Every structure is written in C-alpha cells, then in structure tokens.
>>> print(open('my_file-v4.csv').read())   # CSV, C-alpha atoms
chain,number,residue,atom,x,y,z
R,1,ILE,CA,7.1,-59.9,7.6
R,2,LEU,CA,6.0,-62.1,4.7
R,3,GLY,CA,2.3,-61.1,5.0
R,4,THR,CA,3.1,-57.4,5.1
R,5,PHE,CA,5.2,-57.5,2.0
R,6,LEU,CA,2.8,-59.8,0.1
R,7,LEU,CA,-0.2,-57.5,0.5
R,8,PRO,CA,0.6,-54.9,-2.3
R,9,PRO,CA,1.5,-57.5,-4.9
R,10,CYS,CA,-1.6,-59.6,-3.9
R,11,THR,CA,-3.7,-56.5,-4.3
R,12,TYR,CA,-2.2,-55.9,-7.7
R,13,LEU,CA,-3.0,-59.5,-8.8
R,14,PHE,CA,-6.5,-59.2,-7.3
R,15,PHE,CA,-7.3,-56.3,-9.7
R,16,ARG,CA,-5.6,-58.1,-12.6
R,17,LEU,CA,-7.8,-61.2,-12.0
R,18,LEU,CA,-10.8,-58.9,-12.0
R,19,ARG,CA,-9.7,-57.9,-15.6
R,20,GLN,CA,-8.9,-54.4,-14.6
R,21,SER,CA,-6.5,-52.5,-16.9
R,22,PHE,CA,-3.6,-50.2,-16.1
R,23,PRO,CA,-3.4,-48.2,-13.9
R,24,ILE,CA,-6.2,-49.6,-11.7
R,25,PRO,CA,-4.1,-52.6,-10.4
R,26,ILE,CA,-1.0,-50.6,-9.5
R,27,THR,CA,-3.2,-47.9,-7.9
R,28,GLY,CA,-4.9,-50.5,-5.8
R,29,ALA,CA,-1.5,-51.8,-4.7
R,30,LEU,CA,-0.4,-48.3,-3.7
R,31,PHE,CA,-3.6,-47.7,-1.8
R,32,SER,CA,-2.9,-50.8,0.2
R,33,LEU,CA,0.0,-49.0,1.9
R,34,SER,CA,-2.4,-46.8,3.8
R,35,PHE,CA,-4.0,-49.9,5.3
R,36,LEU,CA,-0.6,-51.3,6.2
R,37,PHE,CA,0.6,-48.2,7.9
R,38,MET,CA,-2.7,-47.5,9.6
R,39,GLU,CA,-2.2,-47.0,13.3
R,40,GLY,CA,-5.8,-46.8,14.5
R,41,ASN,CA,-5.5,-50.2,16.0
R,42,SER,CA,-2.7,-52.7,16.8
R,43,MET,CA,-4.7,-55.9,17.5
R,44,TRP,CA,-7.2,-56.5,14.8
R,45,GLY,CA,-4.8,-57.8,12.2
R,46,GLY,CA,-3.5,-57.1,8.7
R,47,ASN,CA,-1.7,-53.8,9.3
R,48,ILE,CA,1.9,-53.3,10.4
R,49,PRO,CA,1.2,-52.5,14.1
R,50,SER,CA,-1.0,-55.6,14.5
R,51,THR,CA,1.7,-57.7,12.9
R,52,MET,CA,4.3,-56.3,15.2
R,53,ALA,CA,2.0,-57.1,18.1
R,54,GLY,CA,2.0,-60.8,17.1
R,55,THR,CA,-0.8,-61.3,14.5
R,56,PHE,CA,1.6,-62.3,11.8
R,57,CYS,CA,-0.5,-65.4,10.9
R,58,PHE,CA,-3.5,-63.2,10.3
R,59,SER,CA,-1.3,-60.9,8.2
R,60,LEU,CA,-0.2,-63.7,5.9
R,61,GLY,CA,-3.6,-65.2,5.7
R,62,PHE,CA,-5.1,-61.8,4.9
R,63,SER,CA,-2.7,-61.3,1.9
R,64,LEU,CA,-3.5,-64.7,0.6
R,65,ALA,CA,-7.2,-64.0,1.1
R,66,VAL,CA,-7.0,-61.0,-1.2
R,67,LEU,CA,-5.3,-63.1,-3.8
R,68,TRP,CA,-7.9,-65.9,-3.4
R,69,LEU,CA,-10.8,-63.5,-3.8
R,70,GLY,CA,-9.4,-62.5,-7.2
R,71,LEU,CA,-8.8,-66.1,-8.2
R,72,LEU,CA,-12.4,-66.9,-7.2
R,73,TYR,CA,-13.7,-64.2,-9.5
R,74,ARG,CA,-11.8,-65.6,-12.4
R,75,VAL,CA,-13.0,-69.1,-11.7
R,76,MET,CA,-16.6,-67.9,-11.7
R,77,LEU,CA,-16.1,-65.8,-14.8
R,78,GLU,CA,-14.0,-68.2,-16.9
R,79,ASN,CA,-14.5,-71.6,-15.2
R,80,LYS,CA,-10.8,-72.2,-15.0
R,81,GLY,CA,-8.2,-72.3,-12.2
R,82,LEU,CA,-10.4,-74.3,-9.8
R,83,ARG,CA,-7.6,-76.4,-8.4
R,84,THR,CA,-5.3,-73.4,-7.9
R,85,CYS,CA,-8.2,-71.7,-6.1
R,86,ALA,CA,-8.7,-74.6,-3.8
R,87,VAL,CA,-5.0,-74.8,-2.9
R,88,ILE,CA,-4.8,-71.1,-2.1
R,89,LEU,CA,-8.0,-71.4,0.0
R,90,SER,CA,-6.4,-74.2,2.0
R,91,LEU,CA,-3.4,-72.0,2.6
R,92,VAL,CA,-5.6,-69.1,3.8
R,93,GLY,CA,-7.2,-71.5,6.2
R,94,MET,CA,-3.9,-72.9,7.4
R,95,CYS,CA,-2.7,-69.4,8.2
R,96,HIS,CA,-5.7,-68.1,10.2
R,97,GLY,CA,-9.3,-69.1,10.8
R,98,TYR,CA,-10.6,-65.6,10.7
R,99,THR,CA,-9.3,-64.9,7.2
R,100,LEU,CA,-10.8,-68.2,6.1
R,101,LEU,CA,-14.2,-67.3,7.5
R,102,GLY,CA,-13.9,-63.8,5.9
R,103,VAL,CA,-13.3,-65.2,2.4
R,104,LEU,CA,-16.0,-67.9,2.7
R,105,PHE,CA,-18.6,-65.3,3.7
R,106,SER,CA,-17.5,-63.0,0.9
R,107,SER,CA,-17.8,-65.8,-1.7
R,108,LEU,CA,-21.6,-65.8,-1.1
R,109,PHE,CA,-21.5,-62.9,-3.6
R,110,PHE,CA,-21.6,-65.4,-6.5
R,111,LEU,CA,-24.9,-67.0,-5.2
R,112,ILE,CA,-26.9,-63.8,-5.5
R,113,SER,CA,-27.6,-64.3,-9.2
R,114,ARG,CA,-30.5,-66.6,-9.9
R,115,LYS,CA,-29.3,-67.2,-13.4
R,116,ASN,CA,-25.9,-68.6,-12.4
R,117,PHE,CA,-26.8,-69.9,-9.0
R,118,LYS,CA,-26.5,-73.6,-9.7
R,119,PRO,CA,-23.2,-73.6,-11.6
R,120,ASN,CA,-21.7,-71.1,-9.1
R,121,LEU,CA,-22.8,-73.2,-6.2
R,122,LYS,CA,-21.3,-76.3,-7.8
R,123,ARG,CA,-18.0,-74.6,-8.3
R,124,LEU,CA,-17.9,-73.2,-4.7
R,125,LEU,CA,-18.7,-76.7,-3.3
R,126,LEU,CA,-15.9,-78.2,-5.4
R,127,ILE,CA,-13.4,-75.6,-4.3
R,128,ASN,CA,-14.4,-75.8,-0.6
R,129,SER,CA,-14.5,-79.6,-0.6
R,130,LEU,CA,-11.0,-79.9,-2.1
R,131,ALA,CA,-9.6,-77.2,0.2
R,132,PHE,CA,-11.2,-79.0,3.2
R,133,CYS,CA,-9.5,-82.2,2.2
R,134,LEU,CA,-6.1,-80.4,1.8
R,135,MET,CA,-6.5,-78.9,5.3
R,136,GLY,CA,-8.0,-82.2,6.7
R,137,PHE,CA,-4.9,-83.4,8.5
R,138,TRP,CA,-5.1,-80.2,10.7
R,139,LEU,CA,-8.7,-79.2,10.5
R,140,ILE,CA,-10.3,-82.5,11.5
R,141,PRO,CA,-8.2,-82.8,14.7
R,142,LEU,CA,-9.0,-79.2,15.5
R,143,MET,CA,-12.7,-79.8,15.3
R,144,VAL,CA,-12.4,-83.1,17.3
R,145,PHE,CA,-10.5,-81.4,20.2
R,146,MET,CA,-12.4,-78.1,20.1
R,147,PRO,CA,-14.2,-78.9,23.4
R,148,TYR,CA,-10.8,-78.9,25.1
R,149,THR,CA,-9.8,-75.5,23.9
R,150,THR,CA,-10.2,-72.3,25.8
R,151,ARG,CA,-13.1,-70.1,24.6
R,152,PHE,CA,-11.7,-66.8,23.1
R,153,SER,CA,-14.5,-64.4,22.3
R,154,PHE,CA,-15.0,-60.9,23.5
R,155,LEU,CA,-17.0,-57.9,22.5
R,156,TRP,CA,-14.8,-54.9,21.5
R,157,ILE,CA,-16.5,-52.0,23.1
R,158,PHE,CA,-16.5,-48.6,21.4
R,159,PHE,CA,-17.2,-45.9,24.0
R,160,SER,CA,-17.7,-43.0,21.6
R,161,TRP,CA,-17.9,-41.9,17.9
R,162,VAL,CA,-14.5,-40.4,18.3
R,163,GLN,CA,-13.1,-43.8,19.2
R,164,ILE,CA,-14.8,-45.4,16.3
R,165,LEU,CA,-13.4,-42.8,13.9
R,166,ARG,CA,-9.9,-43.1,15.4
R,167,GLU,CA,-9.8,-46.9,15.3
R,168,VAL,CA,-12.1,-48.0,12.4
R,169,LEU,CA,-11.7,-45.1,10.1
R,170,PRO,CA,-8.4,-43.3,11.0
R,171,ALA,CA,-7.3,-40.2,9.1
R,172,ILE,CA,-4.7,-42.0,7.0
R,173,LEU,CA,-7.6,-43.7,5.1
R,174,TYR,CA,-9.6,-40.5,4.3
R,175,PRO,CA,-8.2,-39.7,0.8
R,176,PHE,CA,-8.7,-43.3,-0.3
R,177,MET,CA,-12.1,-43.6,1.2
R,178,ALA,CA,-13.1,-40.4,-0.6
R,179,CYS,CA,-11.9,-41.8,-3.9
R,180,ALA,CA,-14.0,-44.9,-3.3
R,181,LEU,CA,-17.1,-43.1,-2.3
R,182,ALA,CA,-16.9,-40.4,-5.0
R,183,GLY,CA,-16.0,-42.9,-7.7
R,184,THR,CA,-18.9,-45.2,-6.8
R,185,GLY,CA,-21.4,-42.3,-6.7
R,186,TRP,CA,-20.2,-41.1,-10.0
R,187,MET,CA,-20.5,-44.5,-11.6
R,188,PHE,CA,-23.9,-45.1,-10.0
R,189,PHE,CA,-25.5,-42.0,-11.6
R,190,ARG,CA,-23.7,-42.4,-14.9
R,191,HIS,CA,-24.8,-46.1,-15.3
R,192,ARG,CA,-28.3,-45.3,-14.2
R,193,ARG,CA,-28.6,-42.8,-17.1
R,194,THR,CA,-26.7,-44.7,-19.8
R,195,GLY,CA,-26.4,-48.4,-19.2
R,196,PRO,CA,-28.2,-51.5,-18.0
R,197,GLY,CA,-27.0,-52.3,-14.4
R,198,LEU,CA,-26.3,-49.8,-11.7
R,199,LEU,CA,-22.6,-50.4,-11.2
R,200,PRO,CA,-19.8,-52.5,-12.9
R,201,ARG,CA,-19.7,-56.0,-11.4
R,202,PRO,CA,-16.1,-55.8,-10.2
R,203,LEU,CA,-16.9,-52.7,-8.2
R,204,VAL,CA,-20.0,-54.3,-6.7
R,205,TYR,CA,-17.8,-57.3,-5.8
R,206,VAL,CA,-15.3,-55.1,-3.9
R,207,TRP,CA,-18.1,-53.3,-2.1
R,208,PHE,CA,-19.7,-56.7,-1.2
R,209,ILE,CA,-16.5,-57.9,0.4
R,210,SER,CA,-16.1,-54.7,2.3
R,211,LEU,CA,-19.7,-54.8,3.6
R,212,SER,CA,-19.2,-58.5,4.4
R,213,GLY,CA,-16.6,-57.5,6.9
R,214,ILE,CA,-19.2,-55.3,8.7
R,215,ALA,CA,-21.7,-58.1,8.6
R,216,LEU,CA,-19.3,-60.5,10.2
R,217,TYR,CA,-18.3,-57.9,12.8
R,218,PHE,CA,-22.0,-57.8,14.0
R,219,LEU,CA,-22.2,-61.6,13.8
R,220,GLY,CA,-18.8,-62.4,15.4
R,221,TYR,CA,-19.6,-62.2,19.1
R,222,ARG,CA,-22.9,-63.9,18.7
R,223,ILE,CA,-21.2,-67.0,17.2
R,224,GLY,CA,-18.4,-67.0,19.7
R,225,LEU,CA,-15.7,-65.1,17.8
R,226,VAL,CA,-13.8,-61.9,18.3
R,227,ASP,CA,-15.9,-59.4,16.4
R,228,VAL,CA,-13.2,-56.8,15.5
R,229,ARG,CA,-11.0,-59.4,13.7
R,230,PHE,CA,-13.4,-59.0,10.7
R,231,LEU,CA,-13.1,-55.2,10.4
R,232,PRO,CA,-9.9,-55.3,8.4
R,233,PHE,CA,-11.9,-56.7,5.5
R,234,PHE,CA,-14.2,-53.7,5.7
R,235,GLN,CA,-11.3,-51.2,5.9
R,236,PHE,CA,-9.1,-52.7,3.2
R,237,PHE,CA,-11.6,-53.3,0.5
R,238,LEU,CA,-13.2,-49.9,1.2
R,239,ILE,CA,-10.0,-48.1,0.4
R,240,ILE,CA,-8.8,-50.1,-2.6
R,241,GLY,CA,-12.1,-49.6,-4.2
R,242,GLY,CA,-10.9,-46.0,-4.9
R,243,ALA,CA,-8.7,-47.4,-7.6
R,244,PHE,CA,-11.7,-47.8,-9.9
R,245,VAL,CA,-11.8,-44.0,-10.3
R,246,TRP,CA,-9.4,-44.4,-13.2
R,247,SER,CA,-12.2,-46.2,-15.2
R,248,LEU,CA,-14.1,-42.9,-15.2
R,249,LEU,CA,-11.3,-41.0,-17.0
R,250,SER,CA,-11.0,-40.9,-20.7
R,251,ILE,CA,-7.2,-40.2,-21.0
R,252,SER,CA,-4.3,-41.5,-23.1
R,253,HIS,CA,-1.9,-44.2,-22.0
R,254,THR,CA,0.9,-41.6,-21.5
R,255,GLN,CA,-1.4,-39.5,-19.2
R,256,LYS,CA,-2.2,-42.7,-17.3
R,257,ILE,CA,1.5,-43.3,-16.7
R,258,VAL,CA,2.0,-39.8,-15.5
R,259,GLY,CA,-1.1,-40.0,-13.3
R,260,ALA,CA,0.1,-43.3,-11.8
R,261,LEU,CA,3.4,-41.8,-10.9
R,262,ALA,CA,1.7,-38.8,-9.3
R,263,VAL,CA,-0.5,-41.2,-7.3
R,264,MET,CA,2.5,-43.1,-6.2
R,265,LEU,CA,4.3,-40.0,-5.0
R,266,LEU,CA,1.3,-38.5,-3.3
R,267,THR,CA,0.5,-41.9,-1.6
R,268,PHE,CA,4.1,-42.2,-0.3
R,269,LEU,CA,4.1,-38.7,1.0
R,270,TRP,CA,0.7,-39.0,2.7
R,271,VAL,CA,1.3,-42.3,4.3
R,272,ASP,CA,4.8,-41.2,5.5
R,273,SER,CA,3.3,-38.1,7.0
R,274,ARG,CA,0.7,-40.1,9.0
R,275,GLU,CA,3.1,-42.7,10.3
R,276,THR,CA,4.0,-42.3,14.0
R,277,ILE,CA,4.8,-45.7,15.6
R,278,SER,CA,5.6,-48.2,12.9
R,279,ARG,CA,9.3,-47.2,12.5
R,280,SER,CA,10.0,-47.4,16.3
R,281,TRP,CA,8.0,-50.6,16.7
R,282,ALA,CA,9.9,-52.2,13.8
R,283,ARG,CA,13.3,-51.2,15.4
R,284,SER,CA,12.2,-52.5,18.7
R,285,ASN,CA,10.8,-55.8,17.4
R,286,TYR,CA,13.7,-56.7,15.1
R,287,ALA,CA,16.4,-55.6,17.5
R,288,GLY,CA,15.8,-59.0,19.1
R,289,PHE,CA,15.6,-60.0,22.8
R,290,GLU,CA,19.3,-59.7,23.2
R,291,ALA,CA,19.1,-56.0,22.7
R,292,LYS,CA,16.6,-55.5,25.5
R,293,THR,CA,17.5,-54.1,28.9
R,294,LEU,CA,16.1,-57.2,30.8
R,295,TRP,CA,17.8,-59.7,28.5
>>> encode(input="my_file-v4.csv", output="structure tokens")
Amino acid sequence: ILGTFLLPPCTYLFFRLLRQSFPIPITGALFSLSFLFMEGNSMWGGNIPSTMAGTFCFSLGFSLAVLWLGLLYRVMLENKGLRTCAVILSLVGMCHGYTLLGVLFSSLFFLISRKNFKPNLKRLLLINSLAFCLMGFWLIPLMVFMPYTTRFSFLWIFFSWVQILREVLPAILYPFMACALAGTGWMFFRHRRTGPGLLPRPLVYVWFISLSGIALYFLGYRIGLVDVRFLPFFQFFLIIGGAFVWSLLSISHTQKIVGALAVMLLTFLWVDSRETISRSWARSNYAGFEAKTLW
C-alpha cells in the first residue's frame, strides 16, 4: 500500500517544487484521489484496482516518479539537488522499468530550449549516469541476461470509442479534466493578449508529461513493451493540471482557504460516489489467504 499512500503527498511536493503557491499543491494532491480510485482499468498500474491486482511495484515507482519530476524541475531551474535527484531516479528504476522509461522520456522537456540546451543536457547526463551507477548492481545483470527472459509485449486492443472512454477517460476523471482543459484555454488566451509566452512554464511542463504518456503508448508495442502501461502518465498529469486554475483567480488568502476546503469536500464526495469495487477488493485482498474458502 506504500505506493498508493505516497501518491497524494508526492503530488503535493511536485507542485511545491514547481514553485506553486497555496492552494495549488494541496488541490493537486486532492485531485490525485480521482486517479487512485479510478476503476476504468485494473491492470495498467498506479490506481488502487491495479495495485490490488498485483502491480504494487508500478504503484510505488509511479509515486516516486511524480516526486522525481518535481525535483528535476528544481534542478534545471536552480541548479541544486542534483545528487538527490539521481538517488530518487535510481529508486524509480529499482521499483519498475516502465516508470523509469516514463520519467526519462518526460525529461526531454528540458532539451527543447535552444538557449539552455547544453547546460540542461549536461545536468541530465550527470543525473542519469549517477542513477545508472546506483542501479548498476541490478541493471547490468538484467541487461546481460535479457536474452534469457521471456518476451512480454502485447498490443492492448480497444474495440470501440465506448471502451476507450470507459478505460482511458472514465467518468470519475471528468470534473478534473474539465478544470485542466478550461484553465489551460483561459491561460492561453489571456497570455496571448497580455504577456510574452503562450502559457506558464510549469503548466506546459505538466502537459508535456501527460502527452509523453500518449507518445510512449504509441511507441510501446513497436519497441517490445506493453503499450498501456504508459497511459497512467497521461491520465494522472492531465487531471492534476486542473489545479492551476487557482492561478487565474485574484482572491484573498482567506478565500483560498475556504475554496480549498470546498474542493476537498467536493472531491471526497465525488470520488466516493464513483467508487464501486475498491472497497470490496481491499477487503478481499487484505483478509489474507487463510480467510479464503479454498485455503
């Protein structure tokens, strides 16, 4: 259960490392609950049903991946915390290979800028090299013996748009997706009229990570991987991006506190109303083998 319980605090720290002020970090942490209790799938990883089905390594790696992506942003912005970033990356890789690939692909965001390309590339190489050395005792034997492992790659087939909506974009995510899309659209038009850049960099970063999940999904099967294991990155960062809506509101600190409490209550009620199997699966899983009829 460690990965499940780590996701909200790691989401909070992610926004703090992106230098986002209250109540954006706590709102992002609350929005992560919709992802955890999402029941559209129970195999892809990250959410509670997937964890109950056995993908607990992915769950832990995913939570640490969210934290690492925040740490990486701070390293690139302030040039400090490089060693910590490397250690967390090695832990992400030790937990699950798919979460490692997800964050490495997402880190390409910092190579888009021509101005900072060289220093950012140098930092990424240092972080990745140190993380590789920390994982070396496990990673090198893994690569050496790879020819002896069983190939595990299959194409997850979606038979209809109804299935896609049910599994990739289930109803529990709708309010949070709406916040993300509406907030991004509002910021886009406001910044185009009044400021230099189209969108704030932290928001672009979150969207890049989300879209990286889609890109890896389409690449996955072609490079011998299970394609749907990358969709949690798309789902998760799509919904937590809705927390940036707060940056559009010019309200007092007291109003922000009241608003955050309202968001907390509404999120709890909404997520609870959409949950159907998580409680029963938890009771079944944690009752133990001894409680089963065939024990």
>>> atom_distance(input="my_file-v4.csv", atom1="atom CA of Leu231 of chain R", atom2="atom CA of Leu111 of chain R")
22.8 Å
>>> residues_near_point(input="my_file-v4.csv", point="(-3.6, -61.4, -10.3)", cutoff="10 Å", atoms="all atoms listed in the file", output="list in words")
Pro9, Cys10, Thr11, Tyr12, Leu13, Phe14, Phe15, Arg16, Leu17, Leu18, Arg19, Gln20, Pro25, Val66, Leu67, Trp68, Leu69, Gly70, Leu71 and Arg74 of chain R
>>> atom_distance(input="my_file-v4.csv", atom1="atom CA of Cys57 of chain R", atom2="atom CA of Ile1 of chain R")
9.9 Å
>>> residues_around(input="my_file-v4.csv", residues="Phe110 of chain R", least_positions_apart="3", cutoff="8 Å", atoms="only C-alpha atoms", output="list in words")
Met76, Ser107, Ser113, Asn116, Phe117, Asn120 and Leu121 of chain R
>>> atom_distance(input="my_file-v4.csv", atom1="atom CA of Phe188 of chain R", atom2="atom CA of Val263 of chain R")
23.9 Å
>>> closest_residue(input="my_file-v4.csv", among="R:Phe230, R:Tyr98, R:Phe268, R:Phe176", to="Ala243 of chain R", atoms="all atoms listed in the file")
R:Phe176
>>> closest_residue(input="my_file-v4.csv", among="R:Leu36, R:Leu173, R:Val258, R:Leu7", to="Ser278 of chain R", atoms="all atoms listed in the file")
R:Leu36
>>> closest_atom_pairs(input="my_file-v4.csv", of="segment 226-269 of chain R", to="segment 178-186 of chain R", cutoff="6 Å", atoms="all atoms listed in the file", output="tab-separated table")
residue	atom	partner	partner_atom	distance
R:Gly241	CA	R:Ala180	CA	5.1
R:Gly242	CA	R:Ala180	CA	3.7
R:Val245	CA	R:Gly183	CA	5.1
>>> closest_residue(input="my_file-v4.csv", among="R:Thr55, R:Ser153, R:Asn128, R:Thr99", to="Leu225 of chain R", atoms="all atoms listed in the file")
R:Ser153
>>> closest_residue(input="my_file-v4.csv", among="R:Met43, R:His96, R:Glu78, R:Arg83", to="Gly3 of chain R", atoms="all atoms listed in the file")
R:His96
>>> residues_near_point(input="my_file-v4.csv", point="(-5.9, -40.8, 4.6)", cutoff="8 Å", atoms="all atoms listed in the file", output="list in words")
Ser34, Pro170, Ala171, Ile172, Leu173, Tyr174, Pro175, Phe176, Met177, Trp270, Val271 and Arg274 of chain R
>>> closest_residue(input="my_file-v4.csv", among="R:Asn41, R:Thr293, R:Ser63, R:Ser106", to="Trp207 of chain R", atoms="all atoms listed in the file")
R:Ser106
>>> decode(input="my_file-v4.csv", residues="segment 164-175 of chain R", atoms="all heavy atoms", output="mmCIF file, in the first residue's frame")
data_model
loop_
_atom_site.group_PDB
_atom_site.id
_atom_site.type_symbol
_atom_site.label_atom_id
_atom_site.label_comp_id
_atom_site.auth_asym_id
_atom_site.auth_seq_id
_atom_site.Cartn_x
_atom_site.Cartn_y
_atom_site.Cartn_z
ATOM 1 N N ILE R 164 -12.778 2.965 -25.053
ATOM 2 C CA ILE R 164 -11.706 3.935 -24.810
ATOM 3 C C ILE R 164 -12.112 4.912 -23.718
ATOM 4 O O ILE R 164 -11.343 5.189 -22.781
ATOM 5 C CB ILE R 164 -11.352 4.688 -26.109
ATOM 6 C CG1 ILE R 164 -10.710 3.734 -27.116
ATOM 7 C CG2 ILE R 164 -10.419 5.858 -25.827
ATOM 8 C CD1 ILE R 164 -10.445 4.353 -28.469
ATOM 9 N N LEU R 165 -13.333 5.432 -23.824
ATOM 10 C CA LEU R 165 -13.805 6.376 -22.812
ATOM 11 C C LEU R 165 -13.931 5.703 -21.457
ATOM 12 O O LEU R 165 -13.609 6.305 -20.424
ATOM 13 C CB LEU R 165 -15.150 6.967 -23.247
ATOM 14 C CG LEU R 165 -15.107 7.925 -24.440
ATOM 15 C CD1 LEU R 165 -16.514 8.336 -24.832
ATOM 16 C CD2 LEU R 165 -14.259 9.157 -24.124
ATOM 17 N N ARG R 166 -14.388 4.473 -21.435
ATOM 18 C CA ARG R 166 -14.593 3.785 -20.161
ATOM 19 C C ARG R 166 -13.274 3.463 -19.474
ATOM 20 O O ARG R 166 -13.173 3.570 -18.243
ATOM 21 C CB ARG R 166 -15.381 2.493 -20.400
ATOM 22 C CG ARG R 166 -15.746 1.751 -19.106
ATOM 23 C CD ARG R 166 -16.554 0.516 -19.375
ATOM 24 N NE ARG R 166 -15.787 -0.522 -20.061
ATOM 25 C CZ ARG R 166 -15.988 -0.909 -21.310
ATOM 26 N NH1 ARG R 166 -16.953 -0.346 -22.029
ATOM 27 N NH2 ARG R 166 -15.259 -1.856 -21.871
ATOM 28 N N GLU R 167 -12.245 3.104 -20.238
ATOM 29 C CA GLU R 167 -10.989 2.664 -19.650
ATOM 30 C C GLU R 167 -9.941 3.773 -19.547
ATOM 31 O O GLU R 167 -9.236 3.864 -18.543
ATOM 32 C CB GLU R 167 -10.433 1.483 -20.450
ATOM 33 C CG GLU R 167 -11.323 0.249 -20.405
ATOM 34 C CD GLU R 167 -10.733 -0.920 -21.163
ATOM 35 O OE1 GLU R 167 -9.633 -0.768 -21.748
ATOM 36 O OE2 GLU R 167 -11.365 -2.001 -21.173
ATOM 37 N N VAL R 168 -9.829 4.582 -20.577
ATOM 38 C CA VAL R 168 -8.792 5.630 -20.587
ATOM 39 C C VAL R 168 -9.289 6.900 -19.906
ATOM 40 O O VAL R 168 -8.540 7.543 -19.151
ATOM 41 C CB VAL R 168 -8.348 5.940 -22.032
ATOM 42 C CG1 VAL R 168 -7.245 7.000 -22.025
ATOM 43 C CG2 VAL R 168 -7.865 4.680 -22.723
ATOM 44 N N LEU R 169 -10.531 7.273 -20.162
ATOM 45 C CA LEU R 169 -11.088 8.510 -19.609
ATOM 46 C C LEU R 169 -12.416 8.206 -18.912
ATOM 47 O O LEU R 169 -13.478 8.647 -19.349
ATOM 48 C CB LEU R 169 -11.287 9.543 -20.724
ATOM 49 C CG LEU R 169 -10.031 9.957 -21.500
ATOM 50 C CD1 LEU R 169 -10.404 10.807 -22.685
ATOM 51 C CD2 LEU R 169 -9.040 10.673 -20.590
ATOM 52 N N PRO R 170 -12.372 7.471 -17.807
ATOM 53 C CA PRO R 170 -13.608 7.139 -17.095
ATOM 54 C C PRO R 170 -14.248 8.377 -16.476
ATOM 55 O O PRO R 170 -13.599 9.407 -16.284
ATOM 56 C CB PRO R 170 -13.145 6.157 -16.014
ATOM 57 C CG PRO R 170 -11.696 6.457 -15.822
ATOM 58 C CD PRO R 170 -11.183 6.900 -17.160
ATOM 59 N N ALA R 171 -15.515 8.256 -16.147
ATOM 60 C CA ALA R 171 -16.313 9.402 -15.685
ATOM 61 C C ALA R 171 -15.751 10.043 -14.419
ATOM 62 O O ALA R 171 -15.913 11.246 -14.215
ATOM 63 C CB ALA R 171 -17.758 8.954 -15.448
ATOM 64 N N ILE R 172 -15.073 9.275 -13.573
ATOM 65 C CA ILE R 172 -14.555 9.828 -12.328
ATOM 66 C C ILE R 172 -13.539 10.946 -12.581
ATOM 67 O O ILE R 172 -13.337 11.826 -11.739
ATOM 68 C CB ILE R 172 -13.920 8.700 -11.469
ATOM 69 C CG1 ILE R 172 -13.664 9.196 -10.038
ATOM 70 C CG2 ILE R 172 -12.648 8.180 -12.106
ATOM 71 C CD1 ILE R 172 -13.194 8.103 -9.099
ATOM 72 N N LEU R 173 -12.938 10.957 -13.761
ATOM 73 C CA LEU R 173 -11.918 11.969 -14.088
ATOM 74 C C LEU R 173 -12.510 13.229 -14.723
ATOM 75 O O LEU R 173 -11.802 14.237 -14.847
ATOM 76 C CB LEU R 173 -10.879 11.372 -15.050
ATOM 77 C CG LEU R 173 -10.154 10.093 -14.615
ATOM 78 C CD1 LEU R 173 -9.138 9.689 -15.689
ATOM 79 C CD2 LEU R 173 -9.464 10.269 -13.273
ATOM 80 N N TYR R 174 -13.764 13.198 -15.120
ATOM 81 C CA TYR R 174 -14.340 14.285 -15.908
ATOM 82 C C TYR R 174 -14.214 15.670 -15.269
ATOM 83 O O TYR R 174 -13.778 16.625 -15.932
ATOM 84 C CB TYR R 174 -15.813 13.996 -16.222
ATOM 85 C CG TYR R 174 -16.039 12.911 -17.257
ATOM 86 C CD1 TYR R 174 -17.324 12.483 -17.575
ATOM 87 C CD2 TYR R 174 -14.963 12.313 -17.915
ATOM 88 C CE1 TYR R 174 -17.536 11.481 -18.524
ATOM 89 C CE2 TYR R 174 -15.166 11.317 -18.856
ATOM 90 C CZ TYR R 174 -16.450 10.905 -19.162
ATOM 91 O OH TYR R 174 -16.661 9.928 -20.094
ATOM 92 N N PRO R 175 -14.599 15.865 -13.997
ATOM 93 C CA PRO R 175 -14.516 17.218 -13.429
ATOM 94 C C PRO R 175 -13.088 17.767 -13.424
ATOM 95 O O PRO R 175 -12.877 18.971 -13.641
ATOM 96 C CB PRO R 175 -15.043 17.045 -12.003
ATOM 97 C CG PRO R 175 -15.816 15.777 -12.020
ATOM 98 C CD PRO R 175 -15.144 14.901 -13.026
#
